[in-house]
>>> print(open('target27.txt').read())   # compact mmCIF, C-alpha atoms and all ligand atoms
# COMPACT_ATOMS: atom_id res chain seq x y z
CA MET A 44 49.28 -119.03 -73.05
CA ALA A 45 50.40 -115.90 -74.89
CA ILE A 46 53.68 -114.43 -73.69
CA GLY A 47 53.48 -110.87 -74.99
CA LEU A 48 49.66 -111.12 -74.89
CA ASP A 49 49.29 -111.70 -78.66
CA ASP A 50 45.62 -112.21 -79.53
CA VAL A 51 44.46 -111.75 -75.91
CA VAL A 52 41.32 -109.59 -75.71
CA ALA A 53 41.72 -107.49 -72.55
CA ALA A 54 39.01 -104.87 -73.13
CA GLU A 55 35.98 -103.98 -75.18
CA THR A 56 36.06 -100.56 -76.77
CA VAL A 57 33.95 -98.32 -78.97
CA LEU A 58 36.98 -96.14 -79.71
CA SER A 59 39.13 -97.69 -82.44
CA HIS A 60 39.89 -100.91 -84.27
CA VAL A 61 43.03 -102.07 -86.05
CA ASP A 62 42.60 -104.64 -88.82
CA GLY A 63 46.11 -105.93 -89.31
CA GLU A 64 45.36 -108.14 -92.29
CA ALA A 65 43.51 -105.47 -94.27
CA GLY A 66 45.81 -102.62 -93.18
CA ARG A 67 42.85 -100.67 -91.92
CA LEU A 68 42.41 -98.35 -88.92
CA ILE A 69 38.86 -97.45 -87.89
CA ILE A 70 38.25 -94.66 -85.38
CA ARG A 71 34.69 -94.37 -84.03
CA GLY A 72 33.29 -95.90 -87.21
CA HIS A 73 35.44 -93.88 -89.65
CA ASP A 74 38.40 -95.03 -91.70
CA LEU A 75 41.54 -93.08 -90.84
CA GLU A 76 41.74 -91.79 -94.43
CA ALA A 77 38.32 -90.11 -94.00
CA LEU A 78 39.59 -88.18 -90.97
CA ALA A 79 43.29 -87.32 -91.32
CA GLY A 80 43.76 -84.08 -93.25
CA ARG A 81 39.98 -83.62 -93.40
CA VAL A 82 38.96 -82.82 -89.81
CA SER A 83 40.89 -80.80 -87.28
CA PHE A 84 42.46 -82.38 -84.20
CA GLU A 85 39.85 -80.61 -82.04
CA ASP A 86 36.96 -82.11 -84.04
CA ALA A 87 38.60 -85.52 -84.11
CA VAL A 88 38.97 -85.42 -80.32
CA ALA A 89 35.30 -84.40 -79.94
CA MET A 90 34.31 -87.33 -82.16
CA LEU A 91 36.56 -89.80 -80.31
CA TRP A 92 35.35 -88.64 -76.90
CA ASN A 93 31.65 -88.45 -77.80
CA GLY A 94 29.65 -90.15 -75.03
CA VAL A 95 32.84 -91.34 -73.31
CA VAL A 96 34.62 -88.21 -72.08
CA PRO A 97 32.74 -85.02 -71.14
CA LEU A 98 33.64 -82.09 -73.42
CA SER A 99 31.99 -78.71 -73.88
CA GLU A 100 30.24 -77.69 -77.13
CA ASP A 101 33.31 -75.89 -78.43
CA PRO A 102 36.21 -78.39 -78.37
CA GLY A 103 38.70 -75.80 -79.66
CA ALA A 104 37.95 -73.43 -76.79
CA ALA A 105 37.99 -76.29 -74.26
CA LEU A 106 41.44 -77.49 -75.41
CA GLY A 107 42.69 -73.88 -75.50
CA GLN A 108 41.64 -73.46 -71.87
CA GLY A 109 43.28 -76.79 -71.07
CA ARG A 110 46.58 -75.50 -72.50
CA GLN A 111 46.24 -72.24 -70.60
CA ARG A 112 45.46 -73.89 -67.27
CA ALA A 113 48.30 -76.37 -67.75
CA PHE A 114 50.79 -73.60 -68.58
CA ALA A 115 49.91 -71.79 -65.34
CA LEU A 116 50.69 -74.98 -63.41
CA LEU A 117 53.75 -76.08 -65.40
CA SER A 118 55.71 -72.97 -66.38
CA PRO A 119 57.10 -72.49 -62.83
CA LEU A 120 58.74 -75.93 -63.21
CA ALA A 121 60.83 -74.99 -66.27
CA SER A 122 64.08 -74.81 -64.30
CA ASN A 123 63.60 -78.41 -63.09
CA LEU A 124 64.03 -79.73 -66.63
CA ARG A 125 67.76 -79.13 -66.82
CA GLY A 126 69.68 -82.21 -67.93
CA LEU A 127 66.59 -84.16 -68.96
CA THR A 128 65.84 -85.38 -72.46
CA PRO A 129 62.60 -83.94 -73.90
CA VAL A 130 60.58 -87.08 -73.20
CA GLU A 131 61.93 -87.25 -69.63
CA GLY A 132 61.06 -83.58 -69.19
CA MET A 133 57.56 -84.19 -70.51
CA ARG A 134 57.16 -87.10 -68.08
CA LEU A 135 58.20 -84.87 -65.18
CA LEU A 136 55.77 -82.13 -66.20
CA LEU A 137 52.75 -84.40 -66.75
CA ALA A 138 53.41 -86.01 -63.37
CA ALA A 139 52.99 -82.56 -61.79
CA LEU A 140 49.39 -82.23 -62.99
CA PRO A 141 46.72 -83.15 -60.43
CA ASP A 142 44.43 -86.16 -60.79
CA ALA A 143 41.79 -84.32 -58.77
CA ASP A 144 41.05 -81.60 -61.32
CA LYS A 145 37.56 -80.43 -62.21
CA GLU A 146 38.23 -80.97 -65.93
CA PRO A 147 41.05 -83.51 -66.02
CA ALA A 148 40.51 -84.57 -69.67
CA THR A 149 41.19 -81.17 -71.25
CA LEU A 150 43.90 -80.49 -68.67
CA ALA A 151 45.59 -83.71 -69.80
CA VAL A 152 45.43 -82.95 -73.55
CA GLY A 153 46.27 -79.26 -73.11
CA GLY A 154 48.95 -80.24 -70.58
CA ALA A 155 50.50 -82.79 -72.94
CA ALA A 156 50.90 -80.13 -75.65
CA VAL A 157 52.34 -77.60 -73.20
CA ALA A 158 54.62 -80.18 -71.60
CA ALA A 159 55.92 -81.49 -74.95
CA ALA A 160 56.73 -77.97 -76.18
CA MET A 161 58.28 -76.87 -72.88
CA ALA A 162 60.42 -79.98 -72.59
CA VAL A 163 61.72 -79.75 -76.18
CA ARG A 164 62.60 -76.08 -75.65
CA ALA A 165 64.22 -76.73 -72.27
CA ALA A 166 66.54 -79.33 -73.84
CA GLN A 167 67.68 -76.55 -76.22
CA GLY A 168 68.19 -74.13 -73.31
CA LEU A 169 65.10 -72.09 -74.30
CA SER A 170 62.42 -70.75 -71.96
CA PRO A 171 58.73 -71.72 -72.33
CA VAL A 172 56.36 -69.95 -74.71
CA ALA A 173 52.84 -69.31 -73.34
CA PRO A 174 49.88 -70.81 -75.24
CA ASP A 175 47.40 -68.81 -77.28
CA PRO A 176 44.05 -70.34 -76.27
CA ALA A 177 42.36 -68.85 -79.36
CA ALA A 178 44.71 -70.61 -81.80
CA GLY A 179 44.15 -74.05 -83.31
CA HIS A 180 45.63 -76.81 -81.17
CA ALA A 181 48.22 -77.98 -83.73
CA ALA A 182 49.26 -74.45 -84.70
CA ASP A 183 49.60 -73.47 -81.05
CA LEU A 184 51.61 -76.58 -80.21
CA LEU A 185 54.04 -75.79 -83.03
CA ARG A 186 54.25 -72.14 -81.97
CA MET A 187 54.89 -73.06 -78.32
CA LEU A 188 57.59 -75.48 -79.45
CA ARG A 189 59.41 -73.41 -82.06
CA GLY A 190 58.63 -69.90 -80.82
CA ASP A 191 57.36 -68.64 -84.19
CA VAL A 192 53.90 -68.65 -85.77
CA PRO A 193 53.78 -71.56 -88.25
CA ASP A 194 52.38 -71.00 -91.73
CA ALA A 195 49.04 -72.58 -92.61
CA GLY A 196 50.68 -75.51 -94.45
CA GLU A 197 52.85 -76.38 -91.45
CA ALA A 198 49.92 -76.15 -89.04
CA LYS A 199 47.87 -78.37 -91.35
CA ALA A 200 50.67 -80.96 -91.56
CA LEU A 201 50.96 -81.20 -87.78
CA ASP A 202 47.16 -81.29 -87.47
CA THR A 203 47.12 -84.24 -89.91
CA TYR A 204 49.81 -85.97 -87.87
CA LEU A 205 47.96 -85.48 -84.56
CA VAL A 206 44.74 -86.91 -86.02
CA THR A 207 46.65 -89.82 -87.59
CA ILE A 208 48.10 -90.91 -84.26
CA LEU A 209 45.05 -90.04 -82.12
CA ASP A 210 44.11 -93.60 -81.24
CA HIS A 211 45.14 -97.10 -82.24
CA GLY A 212 43.41 -99.95 -80.42
CA LEU A 213 45.04 -101.60 -77.45
CA ASN A 214 48.69 -100.81 -78.18
CA ALA A 215 51.26 -101.03 -75.35
CA SER A 216 50.82 -97.47 -74.06
CA THR A 217 47.01 -97.53 -74.28
CA PHE A 218 46.92 -100.87 -72.49
CA THR A 219 49.18 -99.39 -69.81
CA ALA A 220 46.89 -96.38 -69.41
CA ARG A 221 43.90 -98.73 -69.10
CA VAL A 222 45.66 -100.86 -66.46
CA VAL A 223 46.32 -97.77 -64.35
CA ALA A 224 42.77 -96.46 -64.87
CA SER A 225 41.42 -99.88 -63.85
CA THR A 226 42.79 -99.36 -60.35
CA GLU A 227 40.96 -96.00 -60.14
CA ALA A 228 44.31 -94.22 -59.76
CA GLY A 229 43.09 -91.18 -61.70
CA LEU A 230 43.19 -89.81 -65.23
CA LEU A 231 46.47 -87.90 -65.13
CA SER A 232 48.18 -90.93 -63.57
CA ALA A 233 46.92 -93.06 -66.47
CA VAL A 234 48.33 -90.52 -68.96
CA VAL A 235 51.75 -90.43 -67.27
CA ALA A 236 51.85 -94.22 -67.37
CA GLY A 237 50.90 -94.17 -71.06
CA LEU A 238 53.81 -91.84 -71.82
CA CYS A 239 56.23 -94.07 -69.91
CA ALA A 240 55.21 -97.03 -72.09
CA LEU A 241 55.28 -94.97 -75.28
CA LYS A 242 58.84 -93.79 -74.74
CA GLY A 243 60.55 -97.08 -75.63
CA PRO A 244 62.13 -97.58 -79.06
CA LEU A 245 59.90 -100.57 -79.83
CA HIS A 246 56.83 -98.31 -79.56
CA GLY A 247 56.78 -94.48 -79.77
CA GLY A 248 60.52 -94.00 -79.45
CA ALA A 249 61.23 -95.24 -82.98
CA PRO A 250 60.97 -92.14 -85.20
CA GLY A 251 64.13 -90.39 -83.94
CA PRO A 252 66.16 -93.57 -84.62
CA VAL A 253 64.58 -93.73 -88.13
CA LEU A 254 66.42 -90.49 -88.96
CA ASP A 255 69.59 -91.80 -87.32
CA MET A 256 69.30 -94.79 -89.65
CA LEU A 257 68.79 -92.61 -92.75
CA ASP A 258 71.79 -90.50 -91.74
CA ALA A 259 73.94 -93.56 -91.17
CA ILE A 260 72.98 -95.00 -94.59
CA GLY A 261 73.84 -91.65 -96.16
CA SER A 262 73.36 -92.51 -99.83
CA ILE A 263 71.13 -95.00 -101.60
CA ASP A 264 73.98 -97.01 -103.09
CA ARG A 265 75.00 -97.98 -99.53
CA ALA A 266 71.47 -98.87 -98.36
CA GLU A 267 71.33 -102.57 -99.14
CA GLU A 268 74.70 -103.35 -97.61
CA TRP A 269 73.99 -101.23 -94.51
CA LEU A 270 70.52 -102.70 -93.90
CA ASP A 271 71.73 -106.23 -94.48
CA ALA A 272 74.58 -105.76 -92.01
CA ALA A 273 72.19 -104.30 -89.39
CA ILE A 274 69.98 -107.39 -89.62
CA GLY A 275 73.10 -109.54 -89.47
CA ARG A 276 73.89 -107.87 -86.12
CA ASN A 277 70.35 -108.79 -85.00
CA GLU A 278 69.25 -105.17 -84.97
CA ARG A 279 65.69 -104.03 -85.70
CA LEU A 280 65.13 -101.70 -88.64
CA MET A 281 63.31 -98.77 -87.10
CA GLY A 282 60.00 -97.90 -88.72
CA PHE A 283 59.34 -101.48 -89.87
CA GLY A 284 57.34 -104.33 -88.37
CA HIS A 285 54.24 -104.31 -86.23
CA ARG A 286 52.53 -106.75 -83.88
CA ILE A 287 49.13 -106.29 -85.53
CA TYR A 288 49.76 -105.05 -89.08
CA LYS A 289 50.92 -107.83 -91.37
CA VAL A 290 50.62 -105.46 -94.34
CA ARG A 291 51.53 -101.81 -94.69
CA ASP A 292 50.41 -99.60 -91.77
CA PRO A 293 47.74 -97.27 -93.28
CA ARG A 294 49.14 -94.37 -91.27
CA ALA A 295 52.39 -94.55 -93.27
CA ASP A 296 50.76 -93.42 -96.51
CA VAL A 297 48.65 -90.73 -94.83
CA LEU A 298 51.80 -89.22 -93.37
CA LYS A 299 53.80 -89.67 -96.56
CA GLY A 300 51.11 -87.64 -98.34
CA ALA A 301 51.25 -84.95 -95.66
CA VAL A 302 55.07 -84.61 -95.98
CA SER A 303 54.83 -84.43 -99.76
CA ARG A 304 52.39 -81.52 -99.53
CA LEU A 305 54.68 -79.61 -97.17
CA LYS A 306 56.94 -76.94 -98.63
CA GLY A 307 60.45 -78.39 -98.59
CA GLY A 308 59.14 -81.74 -97.35
CA ASP A 309 60.19 -83.49 -100.54
CA ASN A 310 63.88 -82.85 -99.82
CA ARG A 311 64.33 -86.19 -98.13
CA ILE A 312 61.33 -88.04 -99.45
CA ALA A 313 62.89 -89.52 -102.58
CA PHE A 314 65.84 -90.83 -100.56
CA ALA A 315 63.53 -92.16 -97.83
CA GLU A 316 61.34 -93.92 -100.38
CA ALA A 317 64.37 -95.61 -101.91
CA VAL A 318 65.62 -96.72 -98.47
CA GLU A 319 62.14 -97.97 -97.61
CA ALA A 320 61.95 -100.08 -100.78
CA THR A 321 65.41 -101.53 -100.10
CA ALA A 322 64.55 -102.25 -96.46
CA LEU A 323 61.41 -104.13 -97.47
CA LYS A 324 63.44 -106.18 -99.94
CA VAL A 325 66.11 -106.97 -97.33
CA LEU A 326 63.51 -107.83 -94.66
CA ALA A 327 61.69 -110.19 -97.06
CA ARG A 328 64.99 -111.92 -97.84
CA ARG A 329 66.46 -112.04 -94.32
CA LYS A 330 63.20 -112.59 -92.38
CA PRO A 331 61.12 -114.73 -94.72
CA GLY A 332 57.54 -115.38 -93.64
CA ARG A 333 57.58 -112.70 -90.91
CA ARG A 334 55.50 -110.27 -93.03
CA LEU A 335 57.35 -107.11 -91.97
CA ASP A 336 56.19 -103.88 -93.58
CA THR A 337 56.49 -100.13 -93.06
CA ASN A 338 54.91 -98.75 -89.89
CA VAL A 339 53.75 -95.27 -88.84
CA GLU A 340 57.12 -94.20 -87.49
CA PHE A 341 58.98 -94.14 -90.82
CA TYR A 342 57.10 -91.19 -92.33
CA THR A 343 56.44 -89.63 -88.91
CA ALA A 344 60.17 -89.03 -88.79
CA LEU A 345 60.19 -87.26 -92.17
CA LEU A 346 57.13 -85.16 -91.37
CA LEU A 347 58.34 -83.95 -87.99
CA GLU A 348 61.83 -83.29 -89.36
CA ALA A 349 60.34 -81.18 -92.17
CA LEU A 350 58.47 -79.16 -89.50
CA GLY A 351 61.80 -78.27 -87.90
CA ILE A 352 61.29 -80.38 -84.78
CA PRO A 353 64.47 -81.83 -83.29
CA ARG A 354 64.48 -85.63 -83.38
CA GLU A 355 64.46 -85.95 -79.57
CA GLY A 356 61.12 -84.12 -79.73
CA PHE A 357 59.37 -86.72 -81.90
CA THR A 358 58.23 -88.97 -79.06
CA PRO A 359 56.90 -86.04 -76.98
CA LEU A 360 54.84 -84.94 -80.00
CA PHE A 361 53.52 -88.47 -80.42
CA GLY A 362 52.57 -88.40 -76.74
CA ALA A 363 50.90 -85.01 -77.11
CA GLY A 364 48.53 -86.40 -79.76
CA ARG A 365 48.03 -89.85 -78.27
CA THR A 366 47.08 -88.38 -74.86
CA ALA A 367 43.57 -87.81 -76.25
CA GLY A 368 43.37 -91.55 -76.97
CA TRP A 369 44.75 -92.50 -73.54
CA VAL A 370 42.18 -90.22 -71.89
CA ALA A 371 39.31 -91.83 -73.80
CA HIS A 372 40.50 -95.37 -73.05
CA ALA A 373 41.14 -94.57 -69.38
CA MET A 374 37.65 -93.15 -68.94
CA GLU A 375 36.05 -96.00 -70.87
CA GLN A 376 37.99 -98.49 -68.72
CA ALA A 377 37.07 -96.74 -65.46
CA ARG A 378 33.40 -96.77 -66.45
CA THR A 379 33.02 -100.21 -67.95
CA GLY A 380 35.98 -102.37 -67.00
CA ARG A 381 37.22 -104.39 -64.05
CA ILE A 382 40.62 -104.15 -62.42
CA MET A 383 43.19 -105.64 -64.83
CA ARG A 384 44.79 -108.57 -63.06
CA PRO A 385 46.25 -111.24 -65.35
CA GLN A 386 48.17 -114.31 -64.24
CA SER A 387 51.79 -115.29 -64.58
CA ARG A 388 53.03 -118.83 -64.80
CA TYR A 389 55.52 -119.58 -62.03
CA VAL A 390 58.67 -121.20 -63.38
CA GLY A 391 60.87 -120.60 -60.29
CA PRO A 392 61.90 -123.14 -57.65
CA TRP A 393 59.40 -124.49 -55.13
CA PRO A 394 60.20 -124.57 -51.40
CA ALA A 395 61.36 -127.99 -50.23
CA GLU A 396 58.31 -129.88 -48.97
CA ALA A 397 58.37 -130.59 -45.22
CA ALA A 398 59.26 -134.21 -44.64
N1 LIG B 401 63.66 -105.24 -88.19
C1 LIG B 401 64.20 -106.48 -88.30
N2 LIG B 401 63.58 -107.59 -87.86
C2 LIG B 401 62.38 -107.43 -87.30
C3 LIG B 401 61.76 -106.18 -87.16
C4 LIG B 401 62.45 -105.05 -87.64
N3 LIG B 401 61.94 -103.83 -87.54
N4 LIG B 401 60.56 -106.34 -86.54
C5 LIG B 401 60.43 -107.66 -86.31
N5 LIG B 401 61.52 -108.32 -86.77
C6 LIG B 401 61.77 -109.75 -86.75
C7 LIG B 401 62.23 -110.22 -85.39
O1 LIG B 401 63.62 -110.16 -85.27
C8 LIG B 401 61.71 -111.64 -85.38
O2 LIG B 401 62.58 -112.42 -86.16
P1 LIG B 401 62.97 -113.93 -85.70
O3 LIG B 401 61.68 -114.67 -85.81
O4 LIG B 401 64.02 -114.31 -86.67
O5 LIG B 401 63.45 -113.83 -84.29
C9 LIG B 401 60.39 -111.55 -86.16
O6 LIG B 401 60.54 -110.42 -87.01
C10 LIG B 401 59.17 -111.36 -85.27
O7 LIG B 401 59.44 -110.27 -84.38
P2 LIG B 401 58.72 -110.07 -82.99
O8 LIG B 401 59.69 -109.43 -82.07
O9 LIG B 401 58.07 -111.34 -82.52
O10 LIG B 401 57.58 -109.09 -83.38
P3 LIG B 401 56.76 -108.22 -82.37
O11 LIG B 401 55.35 -108.26 -82.79
O12 LIG B 401 57.04 -108.62 -80.96
O13 LIG B 401 57.42 -106.79 -82.60
C11 LIG B 401 57.74 -104.51 -83.06
C12 LIG B 401 56.76 -105.69 -83.09
C13 LIG B 401 58.25 -104.32 -81.63
C14 LIG B 401 57.06 -103.25 -83.55
C15 LIG B 401 58.94 -104.86 -83.99
O14 LIG B 401 58.49 -105.06 -85.32
C16 LIG B 401 60.05 -103.82 -83.96
O15 LIG B 401 60.90 -103.88 -83.06
N6 LIG B 401 60.07 -102.84 -84.92
C17 LIG B 401 61.10 -101.82 -84.93
C18 LIG B 401 60.76 -100.70 -83.96
C19 LIG B 401 59.60 -99.85 -84.46
O16 LIG B 401 59.53 -99.45 -85.61
N7 LIG B 401 58.68 -99.56 -83.52
C20 LIG B 401 57.48 -98.75 -83.80
C21 LIG B 401 56.28 -99.64 -83.93
S1 LIG B 401 54.82 -98.67 -84.36
C22 LIG B 401 54.31 -98.06 -82.87
O17 LIG B 401 54.45 -98.66 -81.84
C23 LIG B 401 53.73 -96.74 -82.83
>>> encode(input="target27.txt", output="structure tokens", more="lines below")
Ligand code: ACO
Amino acid sequence: MAIGLDDVVAAETVLSHVDGEAGRLIIRGHDLEALAGRVSFEDAVAMLWNGVVPLSEDPGAALGQGRQRAFALLSPLASNLRGLTPVEGMRLLLAALPDADKEPATLAVGGAAVAAAMAVRAAQGLSPVAPDPAAGHAADLLRMLRGDVPDAGEAKALDTYLVTILDHGLNASTFTARVVASTEAGLLSAVVAGLCALKGPLHGGAPGPVLDMLDAIGSIDRAEEWLDAAIGRNERLMGFGHRIYKVRDPRADVLKGAVSRLKGGDNRIAFAEAVEATALKVLARRKPGRRLDTNVEFYTALLLEALGIPREGFTPLFGAGRTAGWVAHAMEQARTGRIMRPQSRYVGPWPAEAA
């Protein structure tokens, strides 16, 4: 029995594969490194969805229309976001999108971008910015979020990020989306469920706390003592460890490269690299044999910070990109899978047997 479902195969997929021993992520037959920074998010989505999710010839136009249709449905809800964190606001907005839509897949991906941007702005007391359906998806997401047109380097960095986190095997949120899809509840319901699972700090909620950790450490001469004390308090070091990767997460280096290429992105990178090296040393000493290495969230935090995104907005942006993966898995599950219905082992009391 596997509490936590380690090593349990719950689905077959053509979408992506994570090789945790080799530190390799394969998406539809391509290594991540051959895609991130080389193809746009729109083209990566078209490739991921090919033969699984219907999409028109022009993926850029289809996602642009998805953003536009979602904005028409979601912008009237802006005043309902008061008092919510960005990820809670995004959850509320996605839940308002109908399952019974004629093109639910592009509504979901367009809607996730619109909802992430709206929710981040609402938490800052700012009103929503309408999408530009003719713009690239990453550039438009950044514009809707920040309210200014990003330069080409910034748009490229976010595009690289969105492709990097597009899909990643049967992680907790993707599994959740597949469970919901397996009951035939509908595509948007599967996406909302995926976001709910993503939000936790052990999954997609980690990158904001990575920055909190860097801030708390403050200077490199304090790193070892700080990290050691955190482990002594039984805390997790955010941005380290992974259920599948027993070596370095390949997404970490892709994102580190993207931050380094960004104007001003190197401000924090030298400090972050030094903290990372110290953390790996401390983890090896304090958690021997656990094989804990850097995961995607460490450099996600630096990249999104360099793009001027507030740290509470990091998980919504993760959700905006990963929605394309949830959609593909949900549709693959609905088409090929059975209802997910595992067993639990009862360890409670039994009724007294009748004499
Ligand atoms: N810092 C310190 N210790 C850790 C860490 C960490 N980041 N991760 C695991 N460990 C330790 C555990 O305390 C445990 O030690 P023990 O055997 O002495 O009790 C051992 O390593 C094994 O940990 P598990 O909890 O069994 O590992 P699991 O596979 O369940 O956890 C997880 C994986 C949740 C990602 C974990 O490594 C973690 O909490 N990391 C920090 C949060 C984080 O970065 N999350 C983002 C993950 S990437 C993503 O989801 C997109």
>>> closest_atom_pairs(input="target27.txt", of="chain A", to="ligand LIG 401 (chain B)", cutoff="8 Å", atoms="only C-alpha atoms and all ligand atoms", output="tab-separated table")
residue	atom	partner	partner_atom	distance
A:Gly47	CA	B:LIG401	O12	7.3
A:Asn214	CA	B:LIG401	O17	7.2
A:Ala215	CA	B:LIG401	O17	7.6
A:Leu241	CA	B:LIG401	O17	7.6
A:Pro244	CA	B:LIG401	C18	6.0
A:Leu245	CA	B:LIG401	N7	4.0
A:His246	CA	B:LIG401	O17	3.3
A:Gly247	CA	B:LIG401	C23	4.9
A:Gly248	CA	B:LIG401	C20	7.1
A:Ala249	CA	B:LIG401	N7	5.0
A:Pro250	CA	B:LIG401	O16	7.5
A:Ile274	CA	B:LIG401	C1	6.0
A:Asn277	CA	B:LIG401	O1	6.9
A:Glu278	CA	B:LIG401	C1	6.2
A:Arg279	CA	B:LIG401	N1	3.4
A:Leu280	CA	B:LIG401	N1	3.9
A:Met281	CA	B:LIG401	O16	4.1
A:Gly282	CA	B:LIG401	O16	3.5
A:Phe283	CA	B:LIG401	N3	4.2
A:Gly284	CA	B:LIG401	O14	3.3
A:His285	CA	B:LIG401	C14	4.0
A:Arg286	CA	B:LIG401	O11	3.4
A:Ile287	CA	B:LIG401	O11	7.1
A:Leu326	CA	B:LIG401	C1	6.5
A:Lys330	CA	B:LIG401	O4	6.0
A:Arg333	CA	B:LIG401	O6	5.4
A:Arg334	CA	B:LIG401	O6	7.9
A:Leu335	CA	B:LIG401	N4	6.4
A:Asn338	CA	B:LIG401	S1	5.5
A:Val339	CA	B:LIG401	S1	5.7
A:Glu340	CA	B:LIG401	C20	5.9
A:Phe341	CA	B:LIG401	O16	7.5
>>> closest_residue(input="target27.txt", among="A:Lys306, A:Arg221, A:Arg291, A:Arg164", to="Leu323 in chain A", atoms="all atoms listed in the file")
A:Arg291
>>> closest_residue(input="target27.txt", among="A:Asp258, A:Asp271, A:Glu375, A:Glu64", to="Val95 in chain A", atoms="all atoms listed in the file")
A:Glu375
>>> closest_residue(input="target27.txt", among="A:Ala200, A:Val96, A:Ala104, A:Val370", to="Ala224 in chain A", atoms="all atoms listed in the file")
A:Val370
>>> atom_distance(input="target27.txt", atom1="CA of Ala159 in chain A", atom2="CA of Val130 in chain A")
7.5 Å
>>> residues_around(input="target27.txt", residues="Val234 in chain A", least_positions_apart="3", cutoff="9 Å", atoms="all atoms listed in the file", output="PyMOL selection string")
chain A and resi 137-138+151+155+216-217+219-220+223+229-231+237-239+366+369-370+373
>>> atom_distance(input="target27.txt", atom1="CA of Pro359 in chain A", atom2="CA of Gly196 in chain A")
21.3 Å
>>> residues_around(input="target27.txt", residues="Gln111 in chain A", least_positions_apart="6", cutoff="12 Å", atoms="only C-alpha atoms", output="list in words")
Ala104, Ala105, Leu117, Ser118, Thr149, Leu150, Ala151, Val152, Gly153, Gly154, Ala155, Ala156, Val157, Ala158, Val172, Ala173, Pro174, Asp175, Pro176, Ala177, Ala178, His180, Asp183, Leu184 and Met187 of chain A
>>> write_last_selection(input="target27.txt", atoms="C-alpha atoms", output="PDB file, in the coordinates of the input")
ATOM      1  CA  ALA A 104      37.950 -73.430 -76.790  1.00  0.00           C
ATOM      2  CA  ALA A 105      37.990 -76.290 -74.260  1.00  0.00           C
ATOM      3  CA  LEU A 117      53.750 -76.080 -65.400  1.00  0.00           C
ATOM      4  CA  SER A 118      55.710 -72.970 -66.380  1.00  0.00           C
ATOM      5  CA  THR A 149      41.190 -81.170 -71.250  1.00  0.00           C
ATOM      6  CA  LEU A 150      43.900 -80.490 -68.670  1.00  0.00           C
ATOM      7  CA  ALA A 151      45.590 -83.710 -69.800  1.00  0.00           C
ATOM      8  CA  VAL A 152      45.430 -82.950 -73.550  1.00  0.00           C
ATOM      9  CA  GLY A 153      46.270 -79.260 -73.110  1.00  0.00           C
ATOM     10  CA  GLY A 154      48.950 -80.240 -70.580  1.00  0.00           C
ATOM     11  CA  ALA A 155      50.500 -82.790 -72.940  1.00  0.00           C
ATOM     12  CA  ALA A 156      50.900 -80.130 -75.650  1.00  0.00           C
ATOM     13  CA  VAL A 157      52.340 -77.600 -73.200  1.00  0.00           C
ATOM     14  CA  ALA A 158      54.620 -80.180 -71.600  1.00  0.00           C
ATOM     15  CA  VAL A 172      56.360 -69.950 -74.710  1.00  0.00           C
ATOM     16  CA  ALA A 173      52.840 -69.310 -73.340  1.00  0.00           C
ATOM     17  CA  PRO A 174      49.880 -70.810 -75.240  1.00  0.00           C
ATOM     18  CA  ASP A 175      47.400 -68.810 -77.280  1.00  0.00           C
ATOM     19  CA  PRO A 176      44.050 -70.340 -76.270  1.00  0.00           C
ATOM     20  CA  ALA A 177      42.360 -68.850 -79.360  1.00  0.00           C
ATOM     21  CA  ALA A 178      44.710 -70.610 -81.800  1.00  0.00           C
ATOM     22  CA  HIS A 180      45.630 -76.810 -81.170  1.00  0.00           C
ATOM     23  CA  ASP A 183      49.600 -73.470 -81.050  1.00  0.00           C
ATOM     24  CA  LEU A 184      51.610 -76.580 -80.210  1.00  0.00           C
ATOM     25  CA  MET A 187      54.890 -73.060 -78.320  1.00  0.00           C
TER      26      MET A 187
END
>>> closest_residue(input="target27.txt", among="A:Gly107, A:Gly362, A:Gly275, A:Gly168", to="Ser122 in chain A", atoms="all atoms listed in the file")
A:Gly168
>>> closest_residue(input="target27.txt", among="A:Gly179, A:Pro252, A:Pro293, A:Gly80", to="Pro193 in chain A", atoms="all atoms listed in the file")
A:Gly179
>>> atom_distance(input="target27.txt", atom1="CA of Pro129 in chain A", atom2="CA of Phe357 in chain A")
9.1 Å
>>> decode(input="target27.txt", residues="range 137-142 of chain A", atoms="N, CA and C atoms", output="PDB file, in the first residue's frame")
ATOM      1  N   LEU A 137     -12.576  31.686 -11.916  1.00  0.00           N
ATOM      2  CA  LEU A 137     -12.643  30.477 -12.761  1.00  0.00           C
ATOM      3  C   LEU A 137     -13.919  29.696 -12.483  1.00  0.00           C
ATOM      4  N   ALA A 138     -14.350  29.722 -11.229  1.00  0.00           N
ATOM      5  CA  ALA A 138     -15.580  28.986 -10.870  1.00  0.00           C
ATOM      6  C   ALA A 138     -16.808  29.606 -11.532  1.00  0.00           C
ATOM      7  N   ALA A 139     -16.681  30.848 -11.993  1.00  0.00           N
ATOM      8  CA  ALA A 139     -17.830  31.514 -12.641  1.00  0.00           C
ATOM      9  C   ALA A 139     -17.924  31.184 -14.125  1.00  0.00           C
ATOM     10  N   LEU A 140     -16.945  30.476 -14.661  1.00  0.00           N
ATOM     11  CA  LEU A 140     -16.989  30.135 -16.099  1.00  0.00           C
ATOM     12  C   LEU A 140     -17.797  28.855 -16.307  1.00  0.00           C
ATOM     13  N   PRO A 141     -18.623  28.812 -17.363  1.00  0.00           N
ATOM     14  CA  PRO A 141     -19.520  27.661 -17.529  1.00  0.00           C
ATOM     15  C   PRO A 141     -18.813  26.413 -18.060  1.00  0.00           C
ATOM     16  N   ASP A 142     -19.222  25.258 -17.536  1.00  0.00           N
ATOM     17  CA  ASP A 142     -18.747  23.982 -18.101  1.00  0.00           C
ATOM     18  C   ASP A 142     -19.324  23.802 -19.512  1.00  0.00           C
TER      19      ASP A 142
END
